[in-house]
There are 2 protein chains.
Amino acid sequence: MEDKLGVELADFVVTPWEVKGKVDYDKLIEKFGTSRIDKPLINRIKAITGDLHLFFRRDIAFSHRDLDAVLSDYEKGKPFFLYTGRGPSGKMHIGHLLPFYFTKWLQEKFGVNLYIQITDDEKFYLKERSFEEISNIARENILDIAAVGFDPDKTFIFLDSEYIRNMYGLVMKVAKRINFSTVKAIFGFNNMTNIGMINFPSIEIVPTMFEKARCLIPAAIDQDPYWRAQRDIAESMGYYKAAAIHMKFLSPLTGPTGKMSSSDPNTAILLDDDESTVRKKIMKYAFSGGQSTVELQRKLGGDPDIDVSFQWLYYFLEESDDEIERIRREYKSGKMLTGELKEIAIDKIVKFLKDHSARKEQAKTKLVDELMYKGKLAKKMWETIY
Amino acid sequence: MEDKLGVELADFVVTPWEVKGKVDYDKLIEKFGTSRIDKPLINRIKAITGDLHLFFRRDIAFSHRDLDAVLSDYEKGKPFFLYTGRGPSGKMHIGHLLPFYFTKWLQEKFGVNLYIQITDDEKFYLKERSFEEISNIARENILDIAAVGFDPDKTFIFLDSEYIRNMYGLVMKVAKRINFSTVKAIFGFNNMTNIGMINFPSIEIVPTMFEKARCLIPAAIDQDPYWRAQRDIAESMGYYKAAAIHMKFLSPLTGPTGKMSSSDPNTAILLDDDESTVRKKIMKYAFSGGQSTVELQRKLGGDPDIDVSFQWLYYFLEESDDEIERIRREYKSGKMLTGELKEIAIDKIVKFLKDHSARKEQAKTKLVDELMYKGKLAKKMWETIY
């Protein structure tokens with residue numbers, strides 16, 4: 001799978017299975033043929049939503065496909081729906097969760113349905129794990145996702161292995177329209193790829209057709225190859241081309257290249273890390289843009305653009321634009337030391353994880369059941385045969 | 001799909017999608033690496049079953065894989081099970097039905113479970129038809145199959161598109177073990193093959209693993225590539241290699257090459273042909289081994305080996321070995337004329353179709369429901385998640 005992929009440029013790689021190097025987002029836009037989320041588009045969103053999510057304010061949601069068409073539909077009273085997902089390959093880290101919080105914001109502001117696909121089949125095809133292991137991971141991941149707090153009557157979280165019973169009809173229709181040449185070119189599949197994985201793109205594409213309305217997909221840009229494949233066939237099947245909002249990757253602790261990985265715990269904060277683990281990881285591993293001594297830091301200042309603690313505050317931990325600019329200024333000028341910056345980040349992360357854990361604990365009783373089986377949308381979906 | 005297949009020799013082709021030319025069954029055994037059903041094996045069967053099906057007596061069930069192992073299991077009191085199927089691409093003709101009657105005989109004699117897969121997904125992937133059309137064909141085909149008269153408590157007929165909900169877990173496990181190289185080599189898939197079809201072999205293989213016992217598949221030899229793929233992976237998954245009994249093809253009306261096709265109605269007797277259609281087809285199209293005039297026939301005699309009416313009597317219409325040899329002798333000697341031979345065939349075909357229609361009419365009310373959903377085995381299968 002690794003020899004021919006979504007985008008491979010000289011110094012970075014972005015595919016559904018791999019992100020390496022320092023990602024140049026301008027080049028990604030050019031290579032993937034997507035559009036920049038620019039000021040006029042952001043103003044259109046604000047006119048509808050009243051305020052703007054931090055991802056829009058800070059250029060983290062940076063690229064899109066057909067978001068303008070989605071907004072035009074919405075302005076005319078035509079509905080759209082949201083779709084995102086999770087590949088249950090291991091424990092979730094903070095970076096995995098942020099697109100879900102962003103998606104929750106979109107659901108609240110636009111009042112639309114949201115479908116969340118858990119690709120247990122894909123991860124089984126890709127990993128040297130038993131299906132039972134994948135299933136256990138998936139159940140745990142679903143709890144983390146449910147804790148984000150989606151509308152239980154407008155959200156449907158489903159496992160591919162379970163919902164296949166209802167969506168197989170549509171899976172067949174999609175699969176019939178995609179041949180090996182296409183998946184070879186888009187996903188880099190080759191002779192060694194197993195036939196389950198070869199057919200998997202049809203399963204990731206199907207939820208874009210759950211409603212006869214535009215589907216907006218908030219996801220990291222590495223998933224874009226699936227939407228390219230969808231956009232090639234959707235209209236001939238009587239559906240809309242999928243629209244997407246692409247997010248930048250949260251820097252790993254270890255510095256501004258690649259993306260976080262649960263299998264390399266030093267690069268990430270896991271959702272079940274306790275306070276002392278968070279402290280240790282940030283203090284020990286969080287890549288710093290500061291100087292090597294207090295004296296030098298006071299004199300020369302730090303570089304927030306490469307400092308992971310600052311980047312995390314900017315990306316999601318510090319909601320206030322005034323406050324983040326104050327921190328940036330003080331760190332840059334040398335007024336704020338690396339240790340102080342790290343303390344701010346640690347406090348915020350610990351609070352984030354505590355709040356998340358509390359919501360996760362609550363989700364265990366009833367919420368997951370509603371999101372997957374019993375809520376208004378979930379119930380309707382289990383009654384629908386595609 | 002047609003450029004690289006199961007077996008292509010100079011003068012005939014046998015693949016799951018195409019049979020062309022005059023099939024040399026000895027060459028097929030050699031090429032597919034199967035074993036001949038020889039006299040000692042037939043005697044072993046007779047020792048268990050008491051009598052022998054016409055297909056065994058007349059070398060129509062001519063080749064096998066591991067049938068000896070199945071018999072050894074059975075003799076030791078270990079169960080096995082039967083599996084066969086139908087691709088619902090159009091109306092069924094007489095040739096389609098014969099393996100099912102043979103399978104019914106096996107079920108009765110050995111008292112074992114039987115699984116019948118209706119590959120609506122495969123035919124949707126292969127044909128320029130809507131899924132609705134395929135579904136209608138499938139429902140009609142199932143009625144024809146139900147009319148054969150299987151044990152309603154030991155038989156499960158299922159549509160792939162429906163039973164996928166229960167078997168997807170096992171489909172994934174099979175799909176993970178087969179890569180594109182393998183399906184390219186075994187089925188001749190290429191860059192133009194759609195990804196649904198590429199994954200389809202996993203779906204045809206899965207029923208061989210419905211029970212943790214040996215699976216015996218009575219089917220025409222063109223399906224053998226699937227069992228080759230199964231036998232490569234079964235043991236590593238903790239299952240038995242599939243055993244198979246291969247049948248020869250019933251000659252098309254038009255002569256002893258290729259196989260019958262519902263899409264070319266002059267080659268076949270369809271199950272809903274009425275008496276006058278049968279008469280017209282046999283009189284007009286049934287390839288004759290007789291001489292061009294009555295005088296020459298009396299003098300030189302006919303050739304039963306190439307005469308389609310005789311072949312059909314031999315293959316299934318005339319149960320009595322004495323009677324079929326009498327007909328052969330008299331036709332060969334010139335005592336029997338082509339017209340007389342054709343009349344015998346017409347009478348037998350008409351009776352076969354009338355009996356079948358009556359049983360089909362009866363199947364409509366309750367039997368199909370039992371075989372698919374409500375019978376003892378069907379019920380158990382719908383409660384089983386693989």
# chains A, B, ... in the order shown; residues from 1 in each chain; ligands from 1
call {"tool": "interface_residues", "arguments": {"of": "chain B", "to": "chain A", "cutoff": "9 Å", "atoms": "only C-alpha atoms", "output": "JSON, numbers by chain"}}
result
{"B": [121, 124, 125, 126, 131, 161, 162, 163, 164, 165, 166, 168, 169, 171, 172, 173, 174, 175, 176, 177, 178, 179, 180, 181, 182, 183, 184, 190, 191, 192, 193, 194, 195, 196, 197, 198, 199, 200, 201, 202]}
call {"tool": "residues_around", "arguments": {"residues": "range 321-328 of chain B", "least_positions_apart": "3", "cutoff": "9 Å", "atoms": "only C-alpha atoms", "output": "ChimeraX atom specification"}}
result
/B:54,57-58,303-304,310,313-314,318,331-333,336,341
call {"tool": "write_last_selection", "arguments": {"atoms": "all heavy atoms", "output": "short mmCIF file (atom, residue, chain, number, x, y, z; two decimals), in the first residue's frame"}}
result
data_model
loop_
_atom_site.label_atom_id
_atom_site.label_comp_id
_atom_site.auth_asym_id
_atom_site.auth_seq_id
_atom_site.Cartn_x
_atom_site.Cartn_y
_atom_site.Cartn_z
N LEU B 54 -28.11 -41.95 -11.18
CA LEU B 54 -27.79 -42.03 -12.61
C LEU B 54 -26.47 -41.30 -12.96
O LEU B 54 -25.70 -41.76 -13.80
CB LEU B 54 -28.99 -41.44 -13.33
CG LEU B 54 -29.15 -41.28 -14.80
CD1 LEU B 54 -30.65 -41.23 -15.13
CD2 LEU B 54 -28.48 -40.02 -15.28
N ARG B 57 -23.83 -43.70 -12.21
CA ARG B 57 -23.87 -44.88 -13.08
C ARG B 57 -23.39 -44.55 -14.49
O ARG B 57 -22.86 -45.41 -15.19
CB ARG B 57 -25.30 -45.43 -13.18
CG ARG B 57 -25.88 -45.87 -11.83
CD ARG B 57 -27.10 -46.79 -11.98
NE ARG B 57 -28.12 -46.37 -12.92
CZ ARG B 57 -29.22 -45.67 -12.60
NH1 ARG B 57 -29.44 -45.28 -11.34
NH2 ARG B 57 -30.11 -45.37 -13.51
N ARG B 58 -23.56 -43.28 -14.93
CA ARG B 58 -23.28 -42.97 -16.33
C ARG B 58 -22.11 -41.99 -16.52
O ARG B 58 -22.03 -41.26 -17.51
CB ARG B 58 -24.55 -42.43 -17.00
CG ARG B 58 -25.66 -43.46 -16.94
CD ARG B 58 -26.89 -43.11 -17.70
NE ARG B 58 -27.97 -44.06 -17.36
CZ ARG B 58 -29.24 -43.86 -17.66
NH1 ARG B 58 -29.63 -42.78 -18.31
NH2 ARG B 58 -30.13 -44.76 -17.30
N ASP B 303 -25.91 -41.99 -34.93
CA ASP B 303 -24.79 -41.92 -33.97
C ASP B 303 -25.28 -41.34 -32.64
O ASP B 303 -25.40 -40.11 -32.50
CB ASP B 303 -23.67 -41.05 -34.56
CG ASP B 303 -22.46 -40.98 -33.61
OD1 ASP B 303 -22.55 -41.51 -32.48
OD2 ASP B 303 -21.44 -40.39 -34.02
N PRO B 304 -25.57 -42.17 -31.65
CA PRO B 304 -26.12 -41.66 -30.38
C PRO B 304 -25.14 -40.74 -29.64
O PRO B 304 -25.58 -39.88 -28.86
CB PRO B 304 -26.41 -42.93 -29.58
CG PRO B 304 -25.59 -44.00 -30.21
CD PRO B 304 -25.42 -43.62 -31.65
N PHE B 310 -30.69 -38.19 -27.79
CA PHE B 310 -30.19 -39.36 -27.06
C PHE B 310 -29.39 -38.93 -25.83
O PHE B 310 -29.53 -39.49 -24.74
CB PHE B 310 -29.31 -40.24 -27.96
CG PHE B 310 -28.81 -41.44 -27.21
CD1 PHE B 310 -29.63 -42.55 -27.05
CD2 PHE B 310 -27.57 -41.43 -26.59
CE1 PHE B 310 -29.20 -43.65 -26.30
CE2 PHE B 310 -27.14 -42.52 -25.83
CZ PHE B 310 -27.96 -43.63 -25.69
N LEU B 313 -31.63 -38.04 -23.02
CA LEU B 313 -32.22 -39.24 -22.42
C LEU B 313 -31.18 -39.91 -21.51
O LEU B 313 -31.47 -40.31 -20.38
CB LEU B 313 -32.67 -40.22 -23.51
CG LEU B 313 -33.94 -39.82 -24.27
CD1 LEU B 313 -34.09 -40.64 -25.55
CD2 LEU B 313 -35.18 -39.97 -23.39
N TYR B 314 -29.96 -39.98 -21.99
CA TYR B 314 -28.88 -40.63 -21.25
C TYR B 314 -28.52 -39.84 -19.99
O TYR B 314 -28.27 -40.40 -18.93
CB TYR B 314 -27.65 -40.74 -22.17
CG TYR B 314 -26.49 -41.47 -21.55
CD1 TYR B 314 -26.46 -42.87 -21.52
CD2 TYR B 314 -25.43 -40.78 -21.00
CE1 TYR B 314 -25.40 -43.56 -20.94
CE2 TYR B 314 -24.37 -41.45 -20.42
CZ TYR B 314 -24.36 -42.84 -20.39
OH TYR B 314 -23.31 -43.50 -19.81
N GLU B 318 -34.02 -40.68 -19.12
CA GLU B 318 -34.34 -42.11 -19.04
C GLU B 318 -33.59 -42.74 -17.86
O GLU B 318 -32.39 -42.97 -17.92
CB GLU B 318 -33.96 -42.81 -20.36
CG GLU B 318 -34.27 -44.30 -20.35
CD GLU B 318 -35.66 -44.62 -19.84
OE1 GLU B 318 -36.65 -44.22 -20.49
OE2 GLU B 318 -35.79 -45.24 -18.74
N TYR B 331 -31.26 -47.28 -32.10
CA TYR B 331 -30.96 -46.08 -32.88
C TYR B 331 -29.70 -46.31 -33.72
O TYR B 331 -29.62 -45.92 -34.89
CB TYR B 331 -30.76 -44.89 -31.94
CG TYR B 331 -30.63 -43.56 -32.65
CD1 TYR B 331 -31.63 -43.10 -33.52
CD2 TYR B 331 -29.51 -42.75 -32.45
CE1 TYR B 331 -31.51 -41.89 -34.17
CE2 TYR B 331 -29.39 -41.53 -33.10
CZ TYR B 331 -30.39 -41.10 -33.95
OH TYR B 331 -30.27 -39.90 -34.60
N LYS B 332 -28.74 -46.97 -33.13
CA LYS B 332 -27.48 -47.24 -33.79
C LYS B 332 -27.66 -48.22 -34.97
O LYS B 332 -27.00 -48.09 -36.01
CB LYS B 332 -26.50 -47.87 -32.78
CG LYS B 332 -25.09 -47.34 -32.90
CD LYS B 332 -24.23 -47.78 -31.73
CE LYS B 332 -22.78 -47.52 -32.05
NZ LYS B 332 -21.93 -47.75 -30.87
N SER B 333 -28.56 -49.17 -34.77
CA SER B 333 -28.76 -50.18 -35.80
C SER B 333 -29.64 -49.68 -36.94
O SER B 333 -29.73 -50.29 -38.00
CB SER B 333 -29.41 -51.42 -35.19
OG SER B 333 -30.77 -51.14 -34.86
N MET B 336 -34.47 -47.69 -34.98
CA MET B 336 -35.19 -46.50 -34.51
C MET B 336 -34.81 -45.30 -35.38
O MET B 336 -33.65 -45.07 -35.67
CB MET B 336 -34.83 -46.20 -33.05
CG MET B 336 -35.64 -45.08 -32.43
SD MET B 336 -35.17 -44.78 -30.71
CE MET B 336 -35.97 -46.16 -29.91
N LEU B 341 -36.98 -41.21 -31.95
CA LEU B 341 -36.13 -40.83 -30.82
C LEU B 341 -36.55 -39.48 -30.25
O LEU B 341 -36.65 -39.28 -29.03
CB LEU B 341 -34.66 -40.78 -31.29
CG LEU B 341 -33.62 -40.43 -30.23
CD1 LEU B 341 -33.55 -41.49 -29.14
CD2 LEU B 341 -32.24 -40.25 -30.86
#
call {"tool": "atom_distance", "arguments": {"atom1": "CA of Ile116 in chain A", "atom2": "CA of Val23 in chain A"}}
result
26.4 Å
call {"tool": "closest_residue", "arguments": {"among": "B:Thr208, B:Thr34, B:Ser63, B:Ser262", "to": "Phe80 in chain B", "atoms": "only C-alpha atoms"}}
result
B:Thr208
call {"tool": "closest_residue", "arguments": {"among": "B:Leu377, B:Val112, B:Leu317, B:Ala138", "to": "Ser89 in chain B", "atoms": "only C-alpha atoms"}}
result
B:Ala138
call {"tool": "select_by_dssp", "arguments": {"residues": "range 53-143 of chain B", "states": "strand (DSSP E or B)", "output": "PyMOL selection string"}}
result
chain B and resi 61-65+80-86+93+114-118
call {"tool": "write_last_selection", "arguments": {"atoms": "C-alpha atoms", "output": "PDB file, in the first residue's frame"}}
result
ATOM      1  CA  ALA B  61     -20.445 -37.003 -12.058  1.00  0.00           C
ATOM      2  CA  PHE B  62     -16.976 -37.688 -13.410  1.00  0.00           C
ATOM      3  CA  SER B  63     -14.451 -35.809 -11.268  1.00  0.00           C
ATOM      4  CA  HIS B  64     -13.960 -34.888  -7.617  1.00  0.00           C
ATOM      5  CA  ARG B  65     -11.784 -33.380  -4.951  1.00  0.00           C
ATOM      6  CA  PHE B  80     -20.282 -33.448   6.396  1.00  0.00           C
ATOM      7  CA  PHE B  81     -22.505 -30.903   4.660  1.00  0.00           C
ATOM      8  CA  LEU B  82     -23.505 -30.021   1.117  1.00  0.00           C
ATOM      9  CA  TYR B  83     -23.174 -26.631  -0.552  1.00  0.00           C
ATOM     10  CA  THR B  84     -24.185 -25.511  -4.007  1.00  0.00           C
ATOM     11  CA  GLY B  85     -25.643 -22.403  -5.586  1.00  0.00           C
ATOM     12  CA  ARG B  86     -27.093 -20.455  -8.452  1.00  0.00           C
ATOM     13  CA  HIS B  93     -33.275 -24.016 -18.103  1.00  0.00           C
ATOM     14  CA  LEU B 114     -27.501 -28.374   2.468  1.00  0.00           C
ATOM     15  CA  TYR B 115     -26.719 -24.691   1.852  1.00  0.00           C
ATOM     16  CA  ILE B 116     -27.781 -23.076  -1.429  1.00  0.00           C
ATOM     17  CA  GLN B 117     -26.263 -19.672  -2.200  1.00  0.00           C
ATOM     18  CA  ILE B 118     -28.035 -17.324  -4.611  1.00  0.00           C
TER      19      ILE B 118
END
call {"tool": "select_by_dssp", "arguments": {"residues": "range 88-319 of chain A", "states": "alpha helix (DSSP H)", "output": "PyMOL selection string"}}
result
chain A and resi 94-110+120-126+131-146+160-176+180-187+195-205+224-233+275-285+294-300+308-312
call {"tool": "residues_around", "arguments": {"residues": "Leu253 in chain A", "least_positions_apart": "6", "cutoff": "9 Å", "atoms": "only C-alpha atoms", "output": "list of chain:residue names"}}
result
A:Met260, A:Asn266, A:Thr267, A:Ala268, A:Ile269, A:Lys281, A:Ile282, A:Tyr285, A:Ala286, A:Phe287, A:Val308, A:Ser309
call {"tool": "write_last_selection", "arguments": {"atoms": "N, CA, C and O atoms", "output": "short mmCIF file (atom, residue, chain, number, x, y, z; two decimals), in the first residue's frame"}}
result
data_model
loop_
_atom_site.label_atom_id
_atom_site.label_comp_id
_atom_site.auth_asym_id
_atom_site.auth_seq_id
_atom_site.Cartn_x
_atom_site.Cartn_y
_atom_site.Cartn_z
N MET A 260 0.48 12.72 15.01
CA MET A 260 0.54 11.93 16.22
C MET A 260 0.16 10.50 15.96
O MET A 260 -0.66 10.21 15.10
N ASN A 266 5.01 8.59 22.87
CA ASN A 266 5.74 9.82 23.15
C ASN A 266 5.35 10.95 22.21
O ASN A 266 5.69 12.11 22.44
N THR A 267 4.66 10.63 21.13
CA THR A 267 4.27 11.67 20.18
C THR A 267 2.91 12.26 20.51
O THR A 267 2.50 13.24 19.93
N ALA A 268 2.18 11.62 21.43
CA ALA A 268 0.77 11.96 21.60
C ALA A 268 0.34 11.98 23.05
O ALA A 268 0.97 11.36 23.91
N ILE A 269 -0.72 12.72 23.34
CA ILE A 269 -1.39 12.60 24.64
C ILE A 269 -2.61 11.70 24.40
O ILE A 269 -3.48 12.03 23.59
N LYS A 281 5.05 13.88 29.84
CA LYS A 281 5.18 13.93 28.38
C LYS A 281 5.46 15.35 27.88
O LYS A 281 6.31 15.56 27.02
N ILE A 282 4.72 16.31 28.44
CA ILE A 282 4.91 17.69 27.98
C ILE A 282 6.30 18.19 28.37
O ILE A 282 7.03 18.77 27.57
N TYR A 285 8.93 15.59 26.40
CA TYR A 285 8.92 15.40 24.94
C TYR A 285 8.44 16.59 24.12
O TYR A 285 8.76 16.69 22.94
N ALA A 286 7.62 17.48 24.75
CA ALA A 286 7.02 18.53 23.92
C ALA A 286 8.12 19.41 23.33
O ALA A 286 8.85 20.10 24.06
N PHE A 287 8.21 19.36 22.03
CA PHE A 287 9.25 20.09 21.31
C PHE A 287 9.14 21.58 21.62
O PHE A 287 8.07 22.17 21.54
N VAL A 308 5.69 23.22 20.22
CA VAL A 308 4.50 22.37 20.22
C VAL A 308 3.49 22.80 21.29
O VAL A 308 2.28 22.79 21.05
N SER A 309 3.98 23.20 22.48
CA SER A 309 3.04 23.65 23.52
C SER A 309 2.23 24.83 23.01
O SER A 309 1.00 24.88 23.18
#
call {"tool": "atom_distance", "arguments": {"atom1": "CA of Leu41 in chain A", "atom2": "CA of Ala69 in chain A"}}
result
10.8 Å
call {"tool": "residues_around", "arguments": {"residues": "Pro88 in chain A", "least_positions_apart": "2", "cutoff": "8 Å", "atoms": "only C-alpha atoms", "output": "PyMOL selection string"}}
result
chain A and resi 86+90-91+118-120+123+134+137-138+141
call {"tool": "write_last_selection", "arguments": {"atoms": "all heavy atoms", "output": "PDB file, in the first residue's frame"}}
result
ATOM      1  N   ARG A  86     -14.064   7.141  11.984  1.00  0.00           N
ATOM      2  CA  ARG A  86     -12.884   6.783  12.768  1.00  0.00           C
ATOM      3  C   ARG A  86     -12.479   5.365  12.405  1.00  0.00           C
ATOM      4  O   ARG A  86     -13.317   4.471  12.361  1.00  0.00           O
ATOM      5  CB  ARG A  86     -13.236   6.888  14.258  1.00  0.00           C
ATOM      6  CG  ARG A  86     -12.368   6.065  15.194  1.00  0.00           C
ATOM      7  CD  ARG A  86     -11.107   6.779  15.573  1.00  0.00           C
ATOM      8  NE  ARG A  86     -10.200   5.909  16.339  1.00  0.00           N
ATOM      9  CZ  ARG A  86      -8.869   5.994  16.285  1.00  0.00           C
ATOM     10  NH1 ARG A  86      -8.283   6.906  15.524  1.00  0.00           N
ATOM     11  NH2 ARG A  86      -8.112   5.186  16.980  1.00  0.00           N
ATOM     12  N   GLY A  90      -6.495   1.687  17.366  1.00  0.00           N
ATOM     13  CA  GLY A  90      -5.866   1.707  18.687  1.00  0.00           C
ATOM     14  C   GLY A  90      -6.555   2.750  19.559  1.00  0.00           C
ATOM     15  O   GLY A  90      -7.599   3.294  19.185  1.00  0.00           O
ATOM     16  N   LYS A  91      -5.953   3.004  20.728  1.00  0.00           N
ATOM     17  CA  LYS A  91      -6.489   4.033  21.618  1.00  0.00           C
ATOM     18  C   LYS A  91      -6.538   5.379  20.904  1.00  0.00           C
ATOM     19  O   LYS A  91      -5.672   5.664  20.075  1.00  0.00           O
ATOM     20  CB  LYS A  91      -5.580   4.179  22.843  1.00  0.00           C
ATOM     21  CG  LYS A  91      -5.757   3.083  23.868  1.00  0.00           C
ATOM     22  CD  LYS A  91      -4.874   3.387  25.077  1.00  0.00           C
ATOM     23  CE  LYS A  91      -5.060   2.298  26.136  1.00  0.00           C
ATOM     24  NZ  LYS A  91      -4.325   2.640  27.365  1.00  0.00           N
ATOM     25  N   ILE A 118     -17.556   3.853  11.837  1.00  0.00           N
ATOM     26  CA  ILE A 118     -16.425   3.213  12.511  1.00  0.00           C
ATOM     27  C   ILE A 118     -15.965   2.072  11.610  1.00  0.00           C
ATOM     28  O   ILE A 118     -16.636   1.047  11.481  1.00  0.00           O
ATOM     29  CB  ILE A 118     -16.831   2.674  13.905  1.00  0.00           C
ATOM     30  CG1 ILE A 118     -17.568   3.762  14.713  1.00  0.00           C
ATOM     31  CG2 ILE A 118     -15.609   2.139  14.649  1.00  0.00           C
ATOM     32  CD1 ILE A 118     -16.765   5.008  15.017  1.00  0.00           C
ATOM     33  N   THR A 119     -14.802   2.245  10.990  1.00  0.00           N
ATOM     34  CA  THR A 119     -14.357   1.310   9.939  1.00  0.00           C
ATOM     35  C   THR A 119     -13.596   0.125  10.538  1.00  0.00           C
ATOM     36  O   THR A 119     -12.402  -0.062  10.291  1.00  0.00           O
ATOM     37  CB  THR A 119     -13.487   2.051   8.903  1.00  0.00           C
ATOM     38  OG1 THR A 119     -12.347   2.596   9.563  1.00  0.00           O
ATOM     39  CG2 THR A 119     -14.250   3.163   8.239  1.00  0.00           C
ATOM     40  N   ASP A 120     -14.346  -0.690  11.281  1.00  0.00           N
ATOM     41  CA  ASP A 120     -13.707  -1.877  11.878  1.00  0.00           C
ATOM     42  C   ASP A 120     -13.237  -2.857  10.799  1.00  0.00           C
ATOM     43  O   ASP A 120     -12.218  -3.525  10.958  1.00  0.00           O
ATOM     44  CB  ASP A 120     -14.614  -2.561  12.907  1.00  0.00           C
ATOM     45  CG  ASP A 120     -15.993  -2.913  12.382  1.00  0.00           C
ATOM     46  OD1 ASP A 120     -16.329  -2.527  11.244  1.00  0.00           O
ATOM     47  OD2 ASP A 120     -16.759  -3.576  13.118  1.00  0.00           O
ATOM     48  N   LYS A 123      -9.802  -1.600   9.315  1.00  0.00           N
ATOM     49  CA  LYS A 123      -8.659  -1.813  10.212  1.00  0.00           C
ATOM     50  C   LYS A 123      -8.341  -3.294  10.342  1.00  0.00           C
ATOM     51  O   LYS A 123      -7.171  -3.674  10.477  1.00  0.00           O
ATOM     52  CB  LYS A 123      -8.930  -1.182  11.580  1.00  0.00           C
ATOM     53  CG  LYS A 123      -8.956   0.339  11.527  1.00  0.00           C
ATOM     54  CD  LYS A 123      -7.672   0.913  10.910  1.00  0.00           C
ATOM     55  CE  LYS A 123      -7.774   2.413  10.662  1.00  0.00           C
ATOM     56  NZ  LYS A 123      -6.641   2.938   9.884  1.00  0.00           N
ATOM     57  N   ILE A 134      -9.929  -5.787  17.218  1.00  0.00           N
ATOM     58  CA  ILE A 134     -10.434  -4.579  16.553  1.00  0.00           C
ATOM     59  C   ILE A 134     -11.787  -4.172  17.150  1.00  0.00           C
ATOM     60  O   ILE A 134     -12.046  -2.990  17.389  1.00  0.00           O
ATOM     61  CB  ILE A 134     -10.570  -4.816  15.029  1.00  0.00           C
ATOM     62  CG1 ILE A 134      -9.209  -5.106  14.376  1.00  0.00           C
ATOM     63  CG2 ILE A 134     -11.268  -3.637  14.353  1.00  0.00           C
ATOM     64  CD1 ILE A 134      -8.282  -3.929  14.242  1.00  0.00           C
ATOM     65  N   ILE A 137     -11.316  -2.448  20.501  1.00  0.00           N
ATOM     66  CA  ILE A 137     -10.824  -1.082  20.279  1.00  0.00           C
ATOM     67  C   ILE A 137     -11.966  -0.198  19.811  1.00  0.00           C
ATOM     68  O   ILE A 137     -12.147   0.931  20.278  1.00  0.00           O
ATOM     69  CB  ILE A 137      -9.687  -1.085  19.235  1.00  0.00           C
ATOM     70  CG1 ILE A 137      -8.460  -1.828  19.774  1.00  0.00           C
ATOM     71  CG2 ILE A 137      -9.325   0.341  18.829  1.00  0.00           C
ATOM     72  CD1 ILE A 137      -7.408  -2.128  18.711  1.00  0.00           C
ATOM     73  N   ALA A 138     -12.771  -0.715  18.889  1.00  0.00           N
ATOM     74  CA  ALA A 138     -13.870   0.072  18.319  1.00  0.00           C
ATOM     75  C   ALA A 138     -14.849   0.498  19.404  1.00  0.00           C
ATOM     76  O   ALA A 138     -15.267   1.661  19.465  1.00  0.00           O
ATOM     77  CB  ALA A 138     -14.579  -0.729  17.230  1.00  0.00           C
ATOM     78  N   ASN A 141     -13.315   3.285  21.388  1.00  0.00           N
ATOM     79  CA  ASN A 141     -13.288   4.510  20.573  1.00  0.00           C
ATOM     80  C   ASN A 141     -14.672   5.152  20.506  1.00  0.00           C
ATOM     81  O   ASN A 141     -14.812   6.373  20.551  1.00  0.00           O
ATOM     82  CB  ASN A 141     -12.831   4.210  19.139  1.00  0.00           C
ATOM     83  CG  ASN A 141     -11.340   3.891  18.996  1.00  0.00           C
ATOM     84  OD1 ASN A 141     -10.868   3.627  17.898  1.00  0.00           O
ATOM     85  ND2 ASN A 141     -10.599   3.909  20.096  1.00  0.00           N
TER      86      ASN A 141
END
call {"tool": "residues_around", "arguments": {"residues": "range 145-151 of chain A", "least_positions_apart": "5", "cutoff": "7 Å", "atoms": "only C-alpha atoms", "output": "ChimeraX atom specification"}}
result
/A:100-101,104,356,359-360,363,367-368
call {"tool": "residues_around", "arguments": {"residues": "Gly33 in chain B", "least_positions_apart": "4", "cutoff": "12 Å", "atoms": "only C-alpha atoms", "output": "VMD selection string"}}
result
chain B and resid 6 to 7 25 to 29 63 to 66 221 224 to 225 227 to 228
call {"tool": "atom_distance", "arguments": {"atom1": "CA of Gly302 in chain B", "atom2": "CA of Gly289 in chain B"}}
result
5.3 Å
